[in-house]
Amino acid sequence: MALSTKISEKDAQQFAEEIRAAGLDAPWLHPGPLIQPKKFQVQSGLWKWDKIEPVVRGMADFIAPGKDAERRIVRIANPGVPELTATHTISIAFQYLLPGEVAPAHRHSPNAMRFMIDGQGAYTTVNGDKCMMHPGDLILTPAGDWHDHGNEGTGPVMWMDILDSPVVRFLEALTMESYPHEKQLAGSQNRRSERLFSAPGLVPAGRAAETHERLLAYRWQHAREALQRLAEVENDPFDDVMLQYVQPTTGASVLPCLAAYLQMLRPGVETRAHRHNSSTVYFVREGSGTTEVNGTTYHWSPGDVIVVAPSAVHKHHNANREPAILFVMQDTPMLKALGFYREEAV
Ligand SMILES: [Fe+2]
Ligand SMILES: [Fe+2]
């Protein structure tokens, strides 16, 4: 503690005690900057699919959804996040359902989206809109919407759950509620969102647009074809070819905190290095390549997950003859809304 020449060490210690006894803290009592950094920082890293997949499938021997646990999931656990989520803002889990199984209906304050990985016959019903899930599809379950999942197929299904739950938990705004029944009835509202927004550039002229109803299912075939067409006309030095999934009536990100993108690294492309203070999670959908993050090179292939921590310098390289396709999740919308977003070339 810094001392004035007129004050004895004992007086200073007594004053420090007085500060604490009053329930106060003085930053000049501690070494370091005025605003102390967090004790833990998000770590960049690579999670390999050949380690993830056996665990995801292995859960079926131990956990039954709706009985032993609400969801049969396993999460990416970042060693720099004490709550063990993928980043400080993004939760990534893998969910697995056997034929005939149901993940019972509930709703909660966190927003979620699901990226389908493997299997046929999976569905998510969102407020009565039953969305079938095929590999590569993106399905939204916005905050407060009832949702249940199920598997009507003959083999197991697997997808990735992406939630902003770490943000909601930090804000102490977490709520969760069970639906009175295991499943919602899916009737006339089946495929409602896809029927509202069935063609690019066309939105309903009436109430559905005024109330900003959302598209809930972004189909892989549409996204993959759109990425291929974009690659013919446009690319970026840092991200090469990148599409953002947006809400059709507003152009806003799919979730208020989190944005989703589909990225192509064309054969032979090496991107320029940059950094931004958003955290990023990449899921490798097709192809293979490398991402260098703060000098560490990660070699990735389908199913791998790469986490890039806030402000980490990163660049990508696809040395192969086939394009590499990455599904990308970022907390950029939240940082932009709060005026914190920064990005720079390195
Ligand atoms: Fe949920
Ligand atoms: Fe980036």
# chains A, B, ... in the order shown; residues from 1 in each chain; ligands from 1

$ residues_near_ligand --ligand "ligand 2" --cutoff "12 Å" --atoms "only C-alpha atoms and all ligand atoms" --output "PyMOL selection string"
chain A and resi 236-240+242+261+263+271-282+291-293+306-316+328-332+342-346

$ closest_atom_pairs --of "chain A" --to "ligand 1" --cutoff "8 Å" --atoms "only C-alpha atoms and all ligand atoms" --output "tab-separated table"
residue	atom	partner	partner_atom_place_in_ligand_line	distance
A:Ala105	CA	ligand 1	1 (Fe)	7.8
A:His106	CA	ligand 1	1 (Fe)	6.1
A:Arg107	CA	ligand 1	1 (Fe)	5.9
A:His108	CA	ligand 1	1 (Fe)	6.5
A:Ala112	CA	ligand 1	1 (Fe)	7.2
A:Thr141	CA	ligand 1	1 (Fe)	7.7
A:His147	CA	ligand 1	1 (Fe)	6.5
A:Asp148	CA	ligand 1	1 (Fe)	7.5

$ write_last_selection --atoms "C-alpha atoms" --output "CSV table (one decimal), in the first residue's frame"
chain,number,residue,atom,x,y,z
A,105,ALA,CA,-40.4,-30.3,-24.8
A,106,HIS,CA,-39.3,-27.3,-22.8
A,107,ARG,CA,-38.5,-23.6,-23.2
A,108,HIS,CA,-35.8,-21.3,-21.7
A,112,ALA,CA,-30.3,-21.8,-29.4
A,141,THR,CA,-35.1,-22.4,-31.4
A,147,HIS,CA,-39.1,-27.0,-28.5
A,148,ASP,CA,-38.8,-30.7,-28.5

$ select_by_dssp --residues "range 200-325 of chain A" --states "helix (DSSP H, G or I)" --output "PyMOL selection string"
chain A and resi 207-210+220-233

$ write_last_selection --atoms "N, CA and C atoms" --output "mmCIF file, in the first residue's frame"
data_model
loop_
_atom_site.group_PDB
_atom_site.id
_atom_site.type_symbol
_atom_site.label_atom_id
_atom_site.label_comp_id
_atom_site.auth_asym_id
_atom_site.auth_seq_id
_atom_site.Cartn_x
_atom_site.Cartn_y
_atom_site.Cartn_z
ATOM 1 N N ARG A 207 -48.829 -9.376 -41.924
ATOM 2 C CA ARG A 207 -48.539 -9.362 -40.500
ATOM 3 C C ARG A 207 -47.287 -10.155 -40.138
ATOM 4 N N ALA A 208 -47.050 -11.270 -40.834
ATOM 5 C CA ALA A 208 -45.918 -12.128 -40.480
ATOM 6 C C ALA A 208 -44.599 -11.374 -40.591
ATOM 7 N N ALA A 209 -44.521 -10.465 -41.569
ATOM 8 C CA ALA A 209 -43.299 -9.679 -41.717
ATOM 9 C C ALA A 209 -43.258 -8.554 -40.698
ATOM 10 N N GLU A 210 -44.426 -7.922 -40.470
ATOM 11 C CA GLU A 210 -44.466 -6.803 -39.508
ATOM 12 C C GLU A 210 -44.090 -7.261 -38.105
ATOM 13 N N TRP A 220 -29.453 -27.117 -45.830
ATOM 14 C CA TRP A 220 -28.076 -27.303 -46.283
ATOM 15 C C TRP A 220 -27.941 -27.122 -47.792
ATOM 16 N N GLN A 221 -28.887 -27.697 -48.518
ATOM 17 C CA GLN A 221 -28.779 -27.623 -49.984
ATOM 18 C C GLN A 221 -28.758 -26.167 -50.450
ATOM 19 N N HIS A 222 -29.637 -25.321 -49.867
ATOM 20 C CA HIS A 222 -29.674 -23.901 -50.248
ATOM 21 C C HIS A 222 -28.364 -23.212 -49.880
ATOM 22 N N ALA A 223 -27.894 -23.467 -48.655
ATOM 23 C CA ALA A 223 -26.698 -22.775 -48.157
ATOM 24 C C ALA A 223 -25.467 -23.187 -48.964
ATOM 25 N N ARG A 224 -25.349 -24.477 -49.232
ATOM 26 C CA ARG A 224 -24.164 -24.977 -49.946
ATOM 27 C C ARG A 224 -24.132 -24.457 -51.376
ATOM 28 N N GLU A 225 -25.302 -24.444 -52.030
ATOM 29 C CA GLU A 225 -25.353 -23.920 -53.405
ATOM 30 C C GLU A 225 -25.073 -22.420 -53.431
ATOM 31 N N ALA A 226 -25.608 -21.706 -52.448
ATOM 32 C CA ALA A 226 -25.387 -20.258 -52.388
ATOM 33 C C ALA A 226 -23.906 -19.944 -52.166
ATOM 34 N N LEU A 227 -23.241 -20.762 -51.373
ATOM 35 C CA LEU A 227 -21.810 -20.553 -51.118
ATOM 36 C C LEU A 227 -21.005 -20.777 -52.399
ATOM 37 N N GLN A 228 -21.394 -21.807 -53.148
ATOM 38 C CA GLN A 228 -20.710 -22.093 -54.409
ATOM 39 C C GLN A 228 -20.873 -20.927 -55.387
ATOM 40 N N ARG A 229 -22.085 -20.376 -55.448
ATOM 41 C CA ARG A 229 -22.331 -19.258 -56.373
ATOM 42 C C ARG A 229 -21.588 -18.012 -55.923
ATOM 43 N N LEU A 230 -21.559 -17.773 -54.609
ATOM 44 C CA LEU A 230 -20.826 -16.610 -54.093
ATOM 45 C C LEU A 230 -19.340 -16.708 -54.443
ATOM 46 N N ALA A 231 -18.813 -17.932 -54.367
ATOM 47 C CA ALA A 231 -17.391 -18.142 -54.660
ATOM 48 C C ALA A 231 -17.034 -17.741 -56.095
ATOM 49 N N GLU A 232 -18.044 -17.774 -56.972
ATOM 50 C CA GLU A 232 -17.786 -17.421 -58.376
ATOM 51 C C GLU A 232 -17.612 -15.919 -58.562
ATOM 52 N N VAL A 233 -18.088 -15.118 -57.608
ATOM 53 C CA VAL A 233 -18.094 -13.667 -57.828
ATOM 54 C C VAL A 233 -17.410 -12.847 -56.736
#

$ select_by_dssp --residues "range 127-257 of chain A" --states "strand (DSSP E or B)" --output "ChimeraX atom specification"
/A:129-133,138-141,147-151,157-163,176-178,217-218,236,240-246,253

$ residues_around --residues "range 161-166 of chain A" --least-positions-apart "4" --cutoff "6 Å" --atoms "only C-alpha atoms" --output "number ranges by chain"
A: 89-93, 110-114

$ closest_atom_pairs --of "range 267-343 of chain A" --to "range 149-160 of chain A" --cutoff "12 Å" --atoms "only C-alpha atoms" --output "Markdown table"
| residue | atom | partner | partner_atom | distance |
| --- | --- | --- | --- | --- |
| A:Val281 | CA | A:Met160 | CA | 11.9 |
| A:Tyr282 | CA | A:Met160 | CA | 11.7 |
| A:Phe283 | CA | A:Met160 | CA | 9.3 |
| A:Val284 | CA | A:Met160 | CA | 11.9 |
| A:Arg285 | CA | A:Met160 | CA | 11.8 |
| A:Gly303 | CA | A:Met160 | CA | 10.4 |
| A:Asp304 | CA | A:Met160 | CA | 11.9 |
| A:Val305 | CA | A:Met160 | CA | 10.8 |
| A:Phe327 | CA | A:Met160 | CA | 10.9 |
| A:Met329 | CA | A:Met160 | CA | 11.5 |

$ write_last_selection --atoms "N, CA and C atoms" --output "PDB file, in the first residue's frame"
ATOM      1  N   VAL A 281     -16.134 -20.065 -33.047  1.00  0.00           N
ATOM      2  CA  VAL A 281     -16.073 -21.525 -33.047  1.00  0.00           C
ATOM      3  C   VAL A 281     -16.318 -21.988 -34.476  1.00  0.00           C
ATOM      4  N   TYR A 282     -15.406 -22.813 -34.994  1.00  0.00           N
ATOM      5  CA  TYR A 282     -15.534 -23.384 -36.336  1.00  0.00           C
ATOM      6  C   TYR A 282     -15.876 -24.866 -36.196  1.00  0.00           C
ATOM      7  N   PHE A 283     -16.819 -25.325 -37.020  1.00  0.00           N
ATOM      8  CA  PHE A 283     -17.101 -26.753 -37.124  1.00  0.00           C
ATOM      9  C   PHE A 283     -16.811 -27.153 -38.574  1.00  0.00           C
ATOM     10  N   VAL A 284     -15.950 -28.134 -38.743  1.00  0.00           N
ATOM     11  CA  VAL A 284     -15.531 -28.510 -40.098  1.00  0.00           C
ATOM     12  C   VAL A 284     -16.588 -29.423 -40.706  1.00  0.00           C
ATOM     13  N   ARG A 285     -17.198 -28.954 -41.780  1.00  0.00           N
ATOM     14  CA  ARG A 285     -18.248 -29.730 -42.439  1.00  0.00           C
ATOM     15  C   ARG A 285     -17.687 -30.562 -43.601  1.00  0.00           C
ATOM     16  N   GLY A 303     -15.675 -32.720 -38.915  1.00  0.00           N
ATOM     17  CA  GLY A 303     -16.140 -32.962 -37.543  1.00  0.00           C
ATOM     18  C   GLY A 303     -15.325 -32.264 -36.473  1.00  0.00           C
ATOM     19  N   ASP A 304     -14.140 -31.791 -36.826  1.00  0.00           N
ATOM     20  CA  ASP A 304     -13.306 -31.115 -35.818  1.00  0.00           C
ATOM     21  C   ASP A 304     -13.909 -29.767 -35.438  1.00  0.00           C
ATOM     22  N   VAL A 305     -13.602 -29.333 -34.236  1.00  0.00           N
ATOM     23  CA  VAL A 305     -14.045 -28.034 -33.725  1.00  0.00           C
ATOM     24  C   VAL A 305     -12.807 -27.213 -33.398  1.00  0.00           C
ATOM     25  N   PHE A 327     -18.659 -24.432 -40.822  1.00  0.00           N
ATOM     26  CA  PHE A 327     -19.799 -23.757 -40.203  1.00  0.00           C
ATOM     27  C   PHE A 327     -19.223 -22.948 -39.038  1.00  0.00           C
ATOM     28  N   MET A 329     -19.497 -19.980 -35.908  1.00  0.00           N
ATOM     29  CA  MET A 329     -20.336 -19.309 -34.916  1.00  0.00           C
ATOM     30  C   MET A 329     -19.513 -18.234 -34.219  1.00  0.00           C
TER      31      MET A 329
END

$ residues_around --residues "Met334 in chain A" --least-positions-apart "3" --cutoff "9 Å" --atoms "only C-alpha atoms" --output "compact mmCIF listing (two decimals) with all heavy atoms, in the first residue's frame"
# COMPACT_ATOMS: atom_id res chain seq x y z
N PRO A 256 -29.80 -12.97 -31.32
CA PRO A 256 -29.35 -11.62 -30.97
C PRO A 256 -27.90 -11.56 -30.50
O PRO A 256 -27.20 -10.58 -30.78
CB PRO A 256 -30.30 -11.20 -29.83
CG PRO A 256 -31.28 -12.27 -29.65
CD PRO A 256 -30.95 -13.43 -30.53
N CYS A 257 -27.43 -12.58 -29.81
CA CYS A 257 -26.04 -12.58 -29.34
C CYS A 257 -25.09 -13.21 -30.34
O CYS A 257 -23.92 -12.85 -30.40
CB CYS A 257 -25.91 -13.36 -28.02
SG CYS A 257 -26.71 -12.59 -26.61
N LEU A 258 -25.60 -14.22 -31.07
CA LEU A 258 -24.70 -15.05 -31.87
C LEU A 258 -25.05 -14.99 -33.36
O LEU A 258 -26.22 -14.96 -33.73
CB LEU A 258 -24.77 -16.52 -31.41
CG LEU A 258 -24.50 -16.78 -29.94
CD1 LEU A 258 -24.58 -18.29 -29.66
CD2 LEU A 258 -23.14 -16.24 -29.51
N SER A 278 -14.26 -10.68 -31.01
CA SER A 278 -15.32 -11.68 -30.88
C SER A 278 -14.66 -13.05 -30.73
O SER A 278 -13.55 -13.25 -31.21
CB SER A 278 -16.22 -11.67 -32.13
OG SER A 278 -15.44 -11.71 -33.30
N ASP A 331 -19.77 -14.46 -31.54
CA ASP A 331 -20.57 -13.58 -30.68
C ASP A 331 -20.53 -12.12 -31.15
O ASP A 331 -20.85 -11.20 -30.40
CB ASP A 331 -20.12 -13.69 -29.22
CG ASP A 331 -18.62 -13.50 -29.08
OD1 ASP A 331 -17.96 -13.10 -30.05
OD2 ASP A 331 -18.11 -13.76 -27.97
N ALA A 337 -23.53 -4.63 -30.90
CA ALA A 337 -24.66 -3.92 -30.29
C ALA A 337 -24.20 -3.09 -29.10
O ALA A 337 -24.76 -2.02 -28.82
CB ALA A 337 -25.73 -4.93 -29.85
N LEU A 338 -23.18 -3.55 -28.40
CA LEU A 338 -22.70 -2.85 -27.21
C LEU A 338 -21.61 -1.84 -27.54
O LEU A 338 -21.12 -1.13 -26.64
CB LEU A 338 -22.19 -3.88 -26.19
CG LEU A 338 -23.25 -4.86 -25.67
CD1 LEU A 338 -22.61 -5.95 -24.82
CD2 LEU A 338 -24.32 -4.13 -24.88
N GLY A 339 -21.20 -1.79 -28.80
CA GLY A 339 -20.17 -0.84 -29.20
C GLY A 339 -18.76 -1.28 -28.87
O GLY A 339 -17.83 -0.48 -28.88
N PHE A 340 -18.55 -2.57 -28.60
CA PHE A 340 -17.24 -3.07 -28.20
C PHE A 340 -16.44 -3.70 -29.34
O PHE A 340 -15.28 -4.03 -29.16
CB PHE A 340 -17.39 -4.16 -27.11
CG PHE A 340 -17.97 -3.67 -25.83
CD1 PHE A 340 -18.82 -4.49 -25.08
CD2 PHE A 340 -17.67 -2.42 -25.33
CE1 PHE A 340 -19.36 -4.06 -23.88
CE2 PHE A 340 -18.20 -1.99 -24.13
CZ PHE A 340 -19.05 -2.80 -23.41
N TYR A 341 -17.09 -3.92 -30.48
CA TYR A 341 -16.43 -4.75 -31.51
C TYR A 341 -15.21 -4.06 -32.11
O TYR A 341 -15.28 -2.90 -32.50
CB TYR A 341 -17.42 -5.11 -32.62
CG TYR A 341 -16.82 -6.08 -33.62
CD1 TYR A 341 -16.53 -7.38 -33.24
CD2 TYR A 341 -16.52 -5.67 -34.92
CE1 TYR A 341 -15.95 -8.27 -34.13
CE2 TYR A 341 -15.96 -6.56 -35.82
CZ TYR A 341 -15.68 -7.85 -35.43
OH TYR A 341 -15.10 -8.73 -36.32

$ residues_around --residues "Gly268 in chain A" --least-positions-apart "3" --cutoff "12 Å" --atoms "only C-alpha atoms" --output "list of chain:residue names"
A:Asp240, A:Met264, A:Leu265, A:Thr271, A:Ser288, A:Gly289, A:Thr290, A:His316, A:His317, A:Asn318, A:Ala319, A:Asn320, A:Arg321, A:Glu322, A:Pro323, A:Ala324

$ residues_around --residues "range 25-41 of chain A" --least-positions-apart "6" --cutoff "9 Å" --atoms "only C-alpha atoms" --output "number ranges by chain"
A: 1-2, 16, 19, 79-82, 88, 309-310

$ residues_around --residues "range 134-136 of chain A" --least-positions-apart "2" --cutoff "7 Å" --atoms "only C-alpha atoms" --output "list in words"
Phe115, Met116, Ile117, Asp118, Gly119, Gln120, Met132, Leu138 and Trp220 of chain A

$ atom_distance --atom1 "CA of Asn190 in chain A" --atom2 "CA of Lys130 in chain A"
5.1 Å

$ closest_residue --among "A:Val126, A:Leu326, A:Thr249, A:Gln189" --to "Leu202 in chain A" --atoms "only C-alpha atoms"
A:Thr249

$ atom_distance --atom1 "CA of Pro302 in chain A" --atom2 "CA of Gly287 in chain A"
6.3 Å
